[in-house]
>>> print(open('data.cif').read())   # mmCIF, C-alpha atoms
data_entry
#
loop_
_atom_site.label_atom_id
_atom_site.label_comp_id
_atom_site.auth_asym_id
_atom_site.auth_seq_id
_atom_site.Cartn_x
_atom_site.Cartn_y
_atom_site.Cartn_z
CA MET Q 919 0.00 0.00 0.00
CA ALA Q 920 1.28 3.47 -0.81
CA GLN Q 921 2.61 5.44 2.11
CA ALA Q 922 1.15 8.83 3.05
CA HIS Q 923 3.06 11.79 1.69
CA THR Q 924 4.66 13.94 4.35
CA VAL Q 925 3.97 17.16 2.45
CA ARG Q 926 0.85 17.82 0.35
CA GLY Q 927 0.05 20.62 -2.06
CA GLY Q 928 2.06 23.82 -2.44
CA ARG Q 929 5.17 23.96 -4.57
CA PRO Q 930 6.30 20.65 -6.07
CA THR Q 931 9.01 18.91 -4.12
CA ARG Q 932 12.12 17.63 -5.88
CA ALA Q 933 12.22 14.03 -4.69
CA ARG Q 934 12.75 12.84 -8.26
CA PHE Q 935 16.23 14.37 -8.24
CA GLY Q 936 17.18 12.31 -5.21
CA VAL Q 937 16.10 9.22 -7.13
CA LEU Q 938 18.17 10.45 -10.06
CA ALA Q 939 21.23 10.72 -7.79
CA LEU Q 940 20.69 7.09 -6.77
CA ILE Q 941 20.61 5.72 -10.31
CA ALA Q 942 23.54 7.94 -11.36
CA THR Q 943 25.58 6.41 -8.53
CA GLY Q 944 24.46 2.91 -9.50
CA THR Q 945 25.40 3.53 -13.13
CA MET Q 946 28.83 4.82 -12.11
CA ILE Q 947 29.50 1.67 -10.09
CA ASN Q 948 28.08 -0.47 -12.89
CA TYR Q 949 30.62 0.86 -15.38
CA LEU Q 950 33.52 0.75 -12.94
CA ASP Q 951 32.76 -2.93 -12.40
CA ARG Q 952 32.57 -3.82 -16.08
CA THR Q 953 35.55 -1.61 -17.04
CA VAL Q 954 38.10 -2.40 -14.35
CA LEU Q 955 39.25 -5.40 -16.39
CA GLY Q 956 40.48 -3.00 -19.11
CA ILE Q 957 42.68 -1.23 -16.57
CA ALA Q 958 43.94 -4.50 -15.10
CA ALA Q 959 44.50 -6.09 -18.53
CA PRO Q 960 48.20 -5.32 -19.12
CA GLN Q 961 49.29 -6.84 -15.79
CA LEU Q 962 46.62 -9.53 -15.77
CA THR Q 963 47.46 -10.81 -19.26
CA ARG Q 964 51.09 -11.14 -18.29
CA ASP Q 965 50.35 -12.94 -15.00
CA LEU Q 966 47.77 -15.29 -16.53
CA ALA Q 967 49.63 -15.72 -19.87
CA LEU Q 968 46.78 -14.54 -22.13
CA ASN Q 969 47.46 -13.24 -25.67
CA ALA Q 970 45.53 -10.48 -27.51
CA THR Q 971 43.10 -12.83 -29.24
CA VAL Q 972 42.26 -14.66 -26.01
CA MET Q 973 41.92 -11.34 -24.18
CA GLY Q 974 39.48 -10.18 -26.84
CA PHE Q 975 37.26 -13.14 -25.94
CA VAL Q 976 37.62 -12.37 -22.23
CA PHE Q 977 36.62 -8.74 -22.82
CA SER Q 978 33.59 -9.88 -24.83
CA ALA Q 979 32.54 -12.65 -22.41
CA PHE Q 980 30.67 -10.14 -20.25
CA SER Q 981 28.49 -9.20 -23.20
CA TRP Q 982 27.63 -12.78 -24.20
CA THR Q 983 25.54 -13.31 -21.07
CA TYR Q 984 24.65 -9.61 -20.77
CA VAL Q 985 22.93 -9.80 -24.16
CA LEU Q 986 21.29 -13.18 -23.55
CA ALA Q 987 19.89 -11.99 -20.21
CA GLN Q 988 18.32 -8.80 -21.60
CA LEU Q 989 14.90 -10.24 -22.41
CA PRO Q 990 14.65 -12.35 -19.22
CA GLY Q 991 15.89 -9.34 -17.26
CA GLY Q 992 13.24 -7.11 -18.81
CA LEU Q 993 10.51 -9.63 -18.04
CA PHE Q 994 11.80 -9.98 -14.47
CA LEU Q 995 11.63 -6.19 -14.15
CA ASP Q 996 8.05 -6.07 -15.45
CA ARG Q 997 7.05 -8.88 -13.08
CA PHE Q 998 8.83 -7.96 -9.83
CA GLY Q 999 9.29 -4.21 -10.10
CA THR Q 1000 12.14 -1.76 -9.90
CA ARG Q 1001 13.29 -1.89 -6.29
CA LEU Q 1002 13.88 -5.65 -5.99
CA THR Q 1003 15.27 -6.03 -9.52
CA TYR Q 1004 17.88 -3.32 -9.10
CA PHE Q 1005 18.93 -4.52 -5.64
CA LEU Q 1006 19.54 -8.10 -6.82
CA SER Q 1007 21.34 -6.84 -9.92
CA VAL Q 1008 23.76 -4.62 -7.98
CA ALA Q 1009 24.43 -7.20 -5.27
CA PHE Q 1010 25.22 -10.03 -7.68
CA TRP Q 1011 27.27 -8.00 -10.15
CA SER Q 1012 29.38 -6.72 -7.24
CA LEU Q 1013 30.01 -10.26 -6.01
CA PHE Q 1014 31.14 -11.39 -9.46
CA THR Q 1015 33.41 -8.34 -9.75
CA LEU Q 1016 35.05 -9.14 -6.43
CA ALA Q 1017 35.45 -12.78 -7.47
CA GLN Q 1018 37.59 -11.76 -10.47
CA ALA Q 1019 40.36 -10.86 -8.01
CA PHE Q 1020 40.75 -14.59 -7.41
CA ALA Q 1021 40.82 -15.73 -11.05
CA THR Q 1022 43.63 -18.17 -11.72
CA GLY Q 1023 43.37 -18.51 -15.48
CA PHE Q 1024 41.26 -18.19 -18.59
CA ALA Q 1025 38.45 -20.53 -17.45
CA SER Q 1026 37.80 -18.92 -14.07
CA LEU Q 1027 38.08 -15.40 -15.46
CA LEU Q 1028 35.62 -16.30 -18.22
CA ALA Q 1029 33.15 -17.76 -15.71
CA PHE Q 1030 33.22 -14.66 -13.52
CA ARG Q 1031 32.72 -12.39 -16.56
CA PHE Q 1032 29.73 -14.53 -17.59
CA GLY Q 1033 28.22 -14.02 -14.12
CA LEU Q 1034 28.88 -10.29 -14.27
CA GLY Q 1035 27.03 -10.04 -17.59
CA VAL Q 1036 23.91 -11.82 -16.33
CA SER Q 1037 23.83 -9.70 -13.18
CA GLU Q 1038 24.20 -6.35 -14.93
CA ALA Q 1039 21.57 -7.07 -17.62
CA PRO Q 1040 18.58 -5.41 -15.87
CA CYS Q 1041 20.41 -2.20 -14.99
CA PHE Q 1042 19.69 0.04 -17.97
CA PRO Q 1043 16.12 -1.18 -18.63
CA THR Q 1044 15.49 -0.39 -14.95
CA ASN Q 1045 17.09 3.05 -15.27
CA SER Q 1046 14.91 3.77 -18.29
CA ARG Q 1047 11.81 2.67 -16.43
CA ILE Q 1048 12.67 4.86 -13.44
CA VAL Q 1049 13.08 7.90 -15.67
CA GLY Q 1050 9.80 7.10 -17.40
CA THR Q 1051 7.91 6.86 -14.10
CA TRP Q 1052 9.63 9.56 -12.02
CA PHE Q 1053 10.08 12.32 -14.63
CA PRO Q 1054 7.77 14.30 -16.94
CA ARG Q 1055 8.58 13.97 -20.60
CA ASN Q 1056 10.26 17.38 -20.94
CA GLU Q 1057 12.80 16.47 -18.22
CA ARG Q 1058 13.62 12.94 -19.31
CA ALA Q 1059 16.49 13.67 -21.70
CA ARG Q 1060 18.35 15.67 -19.07
CA ALA Q 1061 17.59 13.02 -16.44
CA THR Q 1062 18.92 10.33 -18.77
CA GLY Q 1063 21.98 12.50 -19.39
CA VAL Q 1064 22.64 12.87 -15.67
CA TYR Q 1065 22.51 9.18 -14.85
CA THR Q 1066 24.36 8.22 -18.04
CA VAL Q 1067 27.14 10.67 -17.25
CA GLY Q 1068 27.84 8.43 -14.27
CA GLU Q 1069 29.42 6.00 -16.76
CA TYR Q 1070 32.03 8.59 -17.67
CA VAL Q 1071 32.45 10.61 -14.47
CA GLY Q 1072 33.22 7.54 -12.41
CA LEU Q 1073 35.87 6.41 -14.86
CA ALA Q 1074 37.31 9.92 -15.15
CA LEU Q 1075 37.46 10.41 -11.37
CA PHE Q 1076 38.58 6.96 -10.35
CA SER Q 1077 40.80 5.81 -13.21
CA PRO Q 1078 43.91 7.54 -11.75
CA VAL Q 1079 43.12 5.96 -8.37
CA LEU Q 1080 42.70 2.54 -9.95
CA PHE Q 1081 45.96 2.87 -11.89
CA TRP Q 1082 47.66 3.85 -8.62
CA LEU Q 1083 46.14 0.86 -6.80
CA MET Q 1084 47.44 -1.46 -9.51
CA ALA Q 1085 50.92 0.08 -9.38
CA ARG Q 1086 51.01 0.11 -5.56
CA PHE Q 1087 49.49 -3.33 -4.96
CA SER Q 1088 48.38 -5.48 -7.91
CA TRP Q 1089 45.51 -5.97 -10.34
CA HIS Q 1090 43.71 -8.05 -7.70
CA ALA Q 1091 43.16 -4.93 -5.56
CA LEU Q 1092 41.13 -3.25 -8.31
CA PHE Q 1093 38.43 -5.92 -8.34
CA ILE Q 1094 38.24 -6.07 -4.55
CA ALA Q 1095 37.83 -2.29 -4.21
CA VAL Q 1096 35.09 -1.80 -6.80
CA GLY Q 1097 33.25 -4.99 -5.83
CA ALA Q 1098 33.07 -3.92 -2.19
CA ALA Q 1099 31.79 -0.47 -3.18
CA GLY Q 1100 28.96 -2.07 -5.15
CA LEU Q 1101 27.90 -4.31 -2.27
CA LEU Q 1102 27.69 -1.27 0.00
CA PHE Q 1103 25.59 0.61 -2.56
CA SER Q 1104 23.13 -2.28 -2.90
CA ILE Q 1105 22.15 -1.79 0.75
CA VAL Q 1106 21.80 1.97 0.27
CA TRP Q 1107 19.51 1.34 -2.72
CA LEU Q 1108 17.25 -1.07 -0.83
CA VAL Q 1109 16.81 1.41 2.01
CA ALA Q 1110 16.40 4.57 -0.08
CA PHE Q 1111 14.43 3.77 -3.27
CA ARG Q 1112 10.64 3.83 -3.54
CA GLU Q 1113 8.19 4.22 -6.42
CA PRO Q 1114 6.66 7.72 -6.75
CA GLU Q 1115 3.34 6.86 -5.08
CA GLU Q 1116 5.20 5.24 -2.17
CA SER Q 1117 7.72 8.03 -1.65
CA ARG Q 1118 7.81 9.88 1.66
CA TRP Q 1119 9.50 12.83 0.02
CA ALA Q 1120 7.35 13.58 -3.05
CA ASN Q 1121 4.33 15.77 -2.32
CA ALA Q 1122 1.06 15.78 -4.23
CA ALA Q 1123 2.16 18.72 -6.38
CA GLU Q 1124 5.26 16.86 -7.56
CA LEU Q 1125 3.21 13.76 -8.35
CA ASP Q 1126 0.78 15.91 -10.34
CA LEU Q 1127 3.70 17.46 -12.24
CA ILE Q 1128 5.09 14.03 -13.10
CA ALA Q 1129 1.69 12.65 -14.07
CA ALA Q 1130 0.92 15.65 -16.29
CA GLY Q 1131 4.14 14.94 -18.18
CA GLY Q 1132 3.25 11.29 -18.81
CA GLY Q 1133 5.02 9.69 -15.84
CA LEU Q 1134 3.69 7.69 -12.88
CA ALA Q 1135 3.14 4.46 -14.81
CA ASP Q 1136 2.15 1.88 -12.23
CA ALA Q 1137 5.49 0.10 -11.86
CA SER Q 1138 5.04 -0.89 -8.23
CA LYS Q 1139 2.46 -3.60 -8.90
CA GLY Q 1140 3.28 -7.06 -10.10
CA GLY Q 1141 2.19 -8.60 -13.35
CA SER Q 1142 4.48 -9.20 -16.24
CA GLY Q 1143 2.58 -7.16 -18.81
CA PHE Q 1144 3.93 -9.63 -21.36
CA SER Q 1145 1.99 -10.98 -24.30
CA TRP Q 1146 3.18 -12.65 -27.47
CA SER Q 1147 1.11 -10.21 -29.51
CA GLY Q 1148 2.86 -7.30 -27.79
CA ALA Q 1149 6.28 -8.84 -28.37
CA ARG Q 1150 5.43 -9.30 -32.05
CA VAL Q 1151 4.45 -5.63 -32.28
CA LEU Q 1152 7.84 -4.62 -30.86
CA LEU Q 1153 9.71 -6.96 -33.18
CA ALA Q 1154 7.82 -5.59 -36.18
CA SER Q 1155 8.49 -1.96 -35.26
CA ARG Q 1156 10.98 -0.10 -37.47
CA GLN Q 1157 11.30 2.42 -34.60
CA MET Q 1158 12.66 -0.29 -32.30
CA TRP Q 1159 15.05 -1.67 -34.92
CA GLY Q 1160 16.29 1.74 -36.04
CA ALA Q 1161 16.99 2.85 -32.49
CA ALA Q 1162 18.57 -0.47 -31.48
CA VAL Q 1163 20.94 -0.64 -34.46
CA GLY Q 1164 21.90 2.99 -33.87
CA GLN Q 1165 22.63 2.23 -30.22
CA PHE Q 1166 24.71 -0.79 -31.28
CA ALA Q 1167 26.80 1.62 -33.37
CA GLY Q 1168 27.30 4.02 -30.48
CA ASN Q 1169 28.09 1.20 -28.07
CA SER Q 1170 30.86 -0.02 -30.37
CA THR Q 1171 32.76 3.20 -29.72
CA LEU Q 1172 32.01 2.94 -26.01
CA VAL Q 1173 33.20 -0.67 -25.84
CA PHE Q 1174 36.52 0.26 -27.42
CA PHE Q 1175 37.13 2.81 -24.66
CA LEU Q 1176 36.03 0.39 -21.95
CA THR Q 1177 38.27 -2.46 -23.11
CA TRP Q 1178 41.17 -1.81 -25.49
CA PHE Q 1179 41.75 1.92 -24.92
CA PRO Q 1180 44.41 1.68 -22.13
CA THR Q 1181 46.23 -1.03 -24.11
CA TYR Q 1182 46.05 1.14 -27.25
CA LEU Q 1183 47.72 4.04 -25.43
CA ALA Q 1184 50.40 1.80 -23.93
CA THR Q 1185 51.28 -0.30 -26.99
CA GLU Q 1186 50.32 1.72 -30.07
CA ARG Q 1187 51.21 5.14 -28.68
CA HIS Q 1188 53.98 3.84 -26.34
CA MET Q 1189 52.87 5.88 -23.34
CA GLY Q 1190 54.10 5.05 -19.86
CA TRP Q 1191 51.54 3.98 -17.26
CA VAL Q 1192 51.53 7.31 -15.44
CA LYS Q 1193 50.88 9.09 -18.73
CA VAL Q 1194 48.22 6.53 -19.67
CA GLY Q 1195 46.46 7.13 -16.36
CA ILE Q 1196 46.39 10.89 -17.00
CA PHE Q 1197 45.48 10.81 -20.69
CA ALA Q 1198 42.85 8.09 -20.20
CA VAL Q 1199 40.80 10.50 -18.09
CA LEU Q 1200 40.32 13.15 -20.80
CA PRO Q 1201 38.10 11.23 -23.27
CA PHE Q 1202 35.88 10.10 -20.39
CA ILE Q 1203 35.43 13.72 -19.29
CA ALA Q 1204 34.55 14.57 -22.89
CA GLY Q 1205 32.10 11.67 -23.02
CA GLY Q 1206 30.38 12.91 -19.88
CA LEU Q 1207 30.07 16.39 -21.35
CA GLY Q 1208 28.61 14.84 -24.51
CA VAL Q 1209 25.94 13.06 -22.46
CA LEU Q 1210 24.94 16.29 -20.71
CA PHE Q 1211 25.01 18.32 -23.92
CA GLY Q 1212 22.86 15.80 -25.78
CA GLY Q 1213 20.25 15.69 -23.00
CA PHE Q 1214 20.18 19.47 -22.60
CA ALA Q 1215 19.91 20.10 -26.35
CA SER Q 1216 17.13 17.51 -26.74
CA ASP Q 1217 14.95 18.90 -23.95
CA ARG Q 1218 15.51 22.48 -25.12
CA LEU Q 1219 14.42 21.58 -28.64
CA LEU Q 1220 11.32 19.87 -27.26
CA GLN Q 1221 10.48 22.85 -25.05
CA ALA Q 1222 10.92 25.16 -28.03
CA GLY Q 1223 8.16 23.31 -29.85
CA ARG Q 1224 10.32 21.21 -32.16
CA SER Q 1225 9.12 17.75 -33.07
CA ALA Q 1226 10.05 14.79 -30.88
CA SER Q 1227 11.76 13.27 -33.91
CA LEU Q 1228 14.11 16.24 -34.28
CA ALA Q 1229 14.62 16.72 -30.55
CA ARG Q 1230 15.44 13.07 -29.81
CA LYS Q 1231 17.07 11.87 -33.04
CA GLY Q 1232 19.01 15.00 -34.01
CA PRO Q 1233 21.56 14.96 -31.16
CA ILE Q 1234 22.07 11.19 -31.55
CA ILE Q 1235 22.76 11.48 -35.28
CA LEU Q 1236 25.26 14.29 -34.67
CA GLY Q 1237 26.90 12.23 -31.93
CA LEU Q 1238 27.36 9.21 -34.18
CA ALA Q 1239 28.87 11.41 -36.90
CA LEU Q 1240 31.38 12.77 -34.36
CA ALA Q 1241 32.13 9.24 -33.11
CA SER Q 1242 33.16 8.24 -36.63
CA SER Q 1243 35.96 10.85 -36.46
CA ILE Q 1244 37.94 8.36 -34.33
CA VAL Q 1245 39.56 7.10 -37.53
CA LEU Q 1246 41.54 10.36 -37.79
CA ALA Q 1247 43.71 9.21 -34.88
CA ASN Q 1248 45.46 6.90 -37.36
CA TYR Q 1249 46.90 9.86 -39.24
CA VAL Q 1250 48.38 12.17 -36.58
CA PRO Q 1251 51.77 11.66 -34.90
CA SER Q 1252 51.22 13.81 -31.80
CA ASP Q 1253 49.94 12.18 -28.61
CA ALA Q 1254 48.09 15.40 -27.77
CA ALA Q 1255 46.35 15.38 -31.17
CA VAL Q 1256 45.40 11.72 -30.73
CA ILE Q 1257 43.83 12.43 -27.34
CA ALA Q 1258 41.98 15.44 -28.79
CA ILE Q 1259 40.53 13.29 -31.60
CA LEU Q 1260 39.59 10.48 -29.25
CA SER Q 1261 37.99 13.00 -26.89
CA LEU Q 1262 35.89 14.44 -29.73
CA ALA Q 1263 34.80 10.94 -30.75
CA PHE Q 1264 33.88 10.06 -27.18
CA PHE Q 1265 32.02 13.36 -26.77
CA GLY Q 1266 29.90 12.27 -29.74
CA GLN Q 1267 29.43 8.79 -28.30
CA GLY Q 1268 28.17 10.38 -25.09
CA MET Q 1269 25.38 12.06 -27.03
CA VAL Q 1270 24.21 8.62 -28.20
CA GLY Q 1271 23.24 7.86 -24.58
CA LEU Q 1272 20.08 9.83 -25.38
CA GLY Q 1273 18.83 6.62 -27.01
CA TRP Q 1274 17.48 5.50 -23.64
CA THR Q 1275 15.29 8.61 -23.44
CA LEU Q 1276 14.02 7.82 -26.91
CA ILE Q 1277 13.08 4.31 -25.81
CA SER Q 1278 11.16 5.66 -22.81
CA ASP Q 1279 9.23 7.83 -25.30
CA ILE Q 1280 8.36 5.09 -27.80
CA ALA Q 1281 7.96 1.97 -25.63
CA PRO Q 1282 4.38 0.90 -24.81
CA LYS Q 1283 3.90 1.56 -21.10
CA PRO Q 1284 2.91 -2.01 -20.18
CA LEU Q 1285 6.05 -3.31 -21.91
CA MET Q 1286 8.70 -0.79 -20.91
CA GLY Q 1287 10.88 -3.49 -19.36
CA LEU Q 1288 10.59 -5.80 -22.36
CA ALA Q 1289 11.17 -2.96 -24.84
CA GLY Q 1290 14.23 -1.83 -22.88
CA GLY Q 1291 15.51 -5.40 -22.83
CA MET Q 1292 15.06 -5.81 -26.59
CA PHE Q 1293 16.75 -2.48 -27.24
CA ASN Q 1294 19.67 -3.34 -24.97
CA PHE Q 1295 19.90 -6.86 -26.45
CA VAL Q 1296 20.78 -5.47 -29.88
CA ALA Q 1297 22.90 -2.65 -28.48
CA GLY Q 1298 24.75 -5.09 -26.23
CA LEU Q 1299 25.88 -7.18 -29.18
CA ALA Q 1300 28.55 -4.50 -29.66
CA GLY Q 1301 30.17 -5.78 -26.50
CA ILE Q 1302 30.55 -9.20 -28.13
CA VAL Q 1303 31.57 -8.16 -31.62
CA THR Q 1304 33.87 -5.20 -30.93
CA PRO Q 1305 36.42 -6.64 -28.47
CA ILE Q 1306 36.84 -9.85 -30.49
CA ALA Q 1307 37.15 -7.99 -33.79
CA ILE Q 1308 39.72 -5.54 -32.46
CA GLY Q 1309 41.65 -8.31 -30.71
CA ALA Q 1310 41.78 -10.30 -33.94
CA ILE Q 1311 42.88 -7.24 -35.92
CA VAL Q 1312 45.63 -6.42 -33.42
CA GLN Q 1313 46.80 -10.03 -33.31
CA ALA Q 1314 46.92 -10.26 -37.11
CA THR Q 1315 48.38 -6.82 -37.91
CA HIS Q 1316 50.18 -5.89 -34.66
CA SER Q 1317 48.47 -2.51 -34.97
CA PHE Q 1318 45.27 -0.76 -33.91
CA THR Q 1319 44.91 1.05 -37.27
CA GLY Q 1320 42.33 -1.37 -38.65
CA GLY Q 1321 40.51 -1.40 -35.33
CA LEU Q 1322 39.87 2.35 -35.46
CA VAL Q 1323 38.65 2.04 -39.06
CA PHE Q 1324 36.26 -0.68 -37.88
CA ILE Q 1325 34.84 1.55 -35.10
CA ALA Q 1326 34.41 4.53 -37.45
CA ALA Q 1327 32.56 2.46 -40.06
CA ILE Q 1328 30.08 1.12 -37.51
CA ALA Q 1329 29.40 4.65 -36.20
CA ALA Q 1330 28.65 5.78 -39.76
CA ALA Q 1331 26.24 2.85 -40.15
CA GLY Q 1332 24.45 4.09 -37.01
CA VAL Q 1333 23.80 7.42 -38.72
CA VAL Q 1334 22.19 5.57 -41.62
CA SER Q 1335 19.99 3.57 -39.24
CA TYR Q 1336 18.62 6.63 -37.44
CA VAL Q 1337 18.13 8.66 -40.63
CA PHE Q 1338 16.62 6.03 -42.92
CA VAL Q 1339 15.26 3.21 -40.74
CA MET Q 1340 13.78 4.58 -37.54
CA GLY Q 1341 11.16 7.00 -38.79
CA GLU Q 1342 8.95 9.09 -36.50
CA VAL Q 1343 9.41 9.22 -32.72
CA ARG Q 1344 6.04 8.27 -31.21
CA ARG Q 1345 4.80 5.69 -28.74
CA ILE Q 1346 4.39 2.26 -30.34
CA PRO Q 1347 0.69 1.35 -30.10
CA LEU Q 1348 -0.57 -1.91 -28.64
CA PRO Q 1349 -4.10 -3.20 -29.18
CA THR Q 1350 -4.64 -3.20 -25.39
CA ASP Q 1351 -2.66 0.01 -24.65
CA PRO Q 1352 -5.15 2.90 -24.43
CA SER Q 1353 -2.37 5.39 -23.69
CA ALA Q 1354 -0.59 4.70 -26.99
#
>>> encode(input="data.cif", output="structure tokens")
Amino acid sequence: MAQAHTVRGGRPTRARFGVLALIATGTMINYLDRTVLGIAAPQLTRDLALNATVMGFVFSAFSWTYVLAQLPGGLFLDRFGTRLTYFLSVAFWSLFTLAQAFATGFASLLAFRFGLGVSEAPCFPTNSRIVGTWFPRNERARATGVYTVGEYVGLALFSPVLFWLMARFSWHALFIAVGAAGLLFSIVWLVAFREPEESRWANAAELDLIAAGGGLADASKGGSGFSWSGARVLLASRQMWGAAVGQFAGNSTLVFFLTWFPTYLATERHMGWVKVGIFAVLPFIAGGLGVLFGGFASDRLLQAGRSASLARKGPIILGLALASSIVLANYVPSDAAVIAILSLAFFGQGMVGLGWTLISDIAPKPLMGLAGGMFNFVAGLAGIVTPIAIGAIVQATHSFTGGLVFIAAIAAAGVVSYVFVMGEVRRIPLPTDPSA
């Protein structure tokens, strides 16, 4: 039963921003946990005797189960709700992160990465659902930008600390530190998060504001909301496929930075580890700024009366075009110029994070979890394809040149998907969805 609100009427409270701080923190920890392997990789590969091709499979192993668990994770979310789903996700992904500190070889490392992928699968569909229920439509892009920037801010802030931990202790310490932080946060989440109608901090005026903007979908009640007819509608939707393929393209750039980027700086650009730790921060800062810029620009366009298609798709298309500029790093000798190009590409990739706002706008309300899972299923395939492809290219050519060409080409394909495949941004209708 919903709890009584402590304040009623008057000016709207701002409880939704406290919820936003929670999911931004969770997203930051999520990406630290999946990315710490990239930082540990140079030492870990030496200690465990893994070559570039094998390491490409290890990097991608997370995404194998992450992708496969998207649809079950979305259905679990629709059935059991946000609070329990997110708590279990954080707790289990943190345990699997911590376990990687005790990997003794390829098999154990692979198993722990498989577990990490399953556990993290519900995170972004849950984030999207929270934004869709807690925020009015004209605030969702900025809200998505704020929690998505957690991916980049955490890596920018903590990468130097993690490089120091590895230099001072060993790669094992990285997994222990970030795994323990996630376990602590899972308890904070369970204590602090409530649905809007159950919140002690949101007054009636804030709930009215959210409801007037299309929020307050009833996510607190059980019921899967799943039907085969609904799933068929989603699968037949060009909007879903256009957005998902575009997100796959953006994720390919992201995956490069989360996996091979430190190794690229150390081996291709011959930077020392201190310099790598410093330079690795800059693209992540740029990516975070791209997320915020994309969300701000989208909401401003919507508030100015522009169509949802322009407001949501425009920044994403621009971001993908900028991401394709990564190929220019192959043709400049200066380390500073390389970092500038990579930062521009990652700024563009950050803008692609707006795709989750777009999904909250087009997904049928009874199937927001399933739609988010389908979207993330396709987007998550980048985590399988990209690390393996780059590892194979590096192993065959002893250079990252072809790898950067590969990333740029996929980003360009994402532009094509959003421009020519997706079509209009509007909620996908269901026969039983009167709000469509």
>>> resolve_selection(input="data.cif", expression="the PyMOL selection byres ((chain Q and resi 1202-1207) around 8)", output="list in words")
Thr1066, Val1067, Gly1068, Glu1069, Tyr1070, Val1071, Leu1073, Ala1074, Ala1198, Val1199, Leu1200, Pro1201, Gly1208, Val1209, Leu1210, Phe1211, Ser1261, Leu1262, Phe1264, Phe1265, Gly1266, Gln1267, Gly1268 and Met1269 of chain Q
>>> resolve_selection(input="data.cif", expression="the PyMOL selection byres ((chain Q and resi 970) around 9)", output="mmCIF file with C-alpha atoms, in the frame of the given file")
data_model
loop_
_atom_site.group_PDB
_atom_site.id
_atom_site.type_symbol
_atom_site.label_atom_id
_atom_site.label_comp_id
_atom_site.auth_asym_id
_atom_site.auth_seq_id
_atom_site.Cartn_x
_atom_site.Cartn_y
_atom_site.Cartn_z
ATOM 1 C CA THR Q 963 47.460 -10.810 -19.260
ATOM 2 C CA LEU Q 968 46.780 -14.540 -22.130
ATOM 3 C CA ASN Q 969 47.460 -13.240 -25.670
ATOM 4 C CA THR Q 971 43.100 -12.830 -29.240
ATOM 5 C CA VAL Q 972 42.260 -14.660 -26.010
ATOM 6 C CA MET Q 973 41.920 -11.340 -24.180
ATOM 7 C CA GLY Q 974 39.480 -10.180 -26.840
ATOM 8 C CA PHE Q 975 37.260 -13.140 -25.940
ATOM 9 C CA GLY Q 1309 41.650 -8.310 -30.710
ATOM 10 C CA ALA Q 1310 41.780 -10.300 -33.940
ATOM 11 C CA VAL Q 1312 45.630 -6.420 -33.420
ATOM 12 C CA GLN Q 1313 46.800 -10.030 -33.310
#
>>> residues_around(input="data.cif", residues="Thr1185 in chain Q", least_positions_apart="2", cutoff="12 Å", atoms="all atoms listed in the file", output="CSV table (one decimal) with C-alpha atoms, in the coordinates of the input")
chain,number,residue,atom,x,y,z
Q,960,PRO,CA,48.2,-5.3,-19.1
Q,970,ALA,CA,45.5,-10.5,-27.5
Q,1178,TRP,CA,41.2,-1.8,-25.5
Q,1179,PHE,CA,41.8,1.9,-24.9
Q,1180,PRO,CA,44.4,1.7,-22.1
Q,1181,THR,CA,46.2,-1.0,-24.1
Q,1182,TYR,CA,46.0,1.1,-27.2
Q,1183,LEU,CA,47.7,4.0,-25.4
Q,1187,ARG,CA,51.2,5.1,-28.7
Q,1188,HIS,CA,54.0,3.8,-26.3
Q,1189,MET,CA,52.9,5.9,-23.3
Q,1190,GLY,CA,54.1,5.0,-19.9
Q,1191,TRP,CA,51.5,4.0,-17.3
Q,1194,VAL,CA,48.2,6.5,-19.7
Q,1312,VAL,CA,45.6,-6.4,-33.4
Q,1316,HIS,CA,50.2,-5.9,-34.7
Q,1317,SER,CA,48.5,-2.5,-35.0
Q,1318,PHE,CA,45.3,-0.8,-33.9
>>> residues_around(input="data.cif", residues="range 1279-1294 of chain Q", least_positions_apart="6", cutoff="7 Å", atoms="only C-alpha atoms", output="list of chain:residue names")
Q:Gln988, Q:Leu989, Q:Gly991, Q:Gly992, Q:Leu993, Q:Leu995, Q:Asp996, Q:Pro1043, Q:Arg1047, Q:Ala1135, Q:Gly1143, Q:Phe1144, Q:Met1158, Q:Ala1162, Q:Val1343, Q:Arg1344, Q:Arg1345, Q:Ile1346, Q:Pro1347, Q:Leu1348, Q:Ala1354
>>> resolve_selection(input="data.cif", expression="the PyMOL selection byres ((chain Q and resi 1038) around 8)", output="ChimeraX atom specification")
/Q:948,984,1007-1008,1011,1034-1037,1039-1041
>>> closest_residue(input="data.cif", among="Q:Leu1006, Q:Val1109, Q:Val976, Q:Ala1255", to="Gly1301 in chain Q", atoms="all atoms listed in the file")
Q:Val976
>>> closest_residue(input="data.cif", among="Q:Thr1177, Q:Ser1012, Q:Ser1104, Q:Ser1046", to="Thr1304 in chain Q", atoms="only C-alpha atoms")
Q:Thr1177
>>> closest_residue(input="data.cif", among="Q:Ala1184, Q:Ile1308, Q:Ala1329, Q:Ala1161", to="Leu1276 in chain Q", atoms="only C-alpha atoms")
Q:Ala1161
>>> closest_residue(input="data.cif", among="Q:Gly1132, Q:Thr1003, Q:Phe1020, Q:Val1256", to="Ile1094 in chain Q", atoms="only C-alpha atoms")
Q:Phe1020
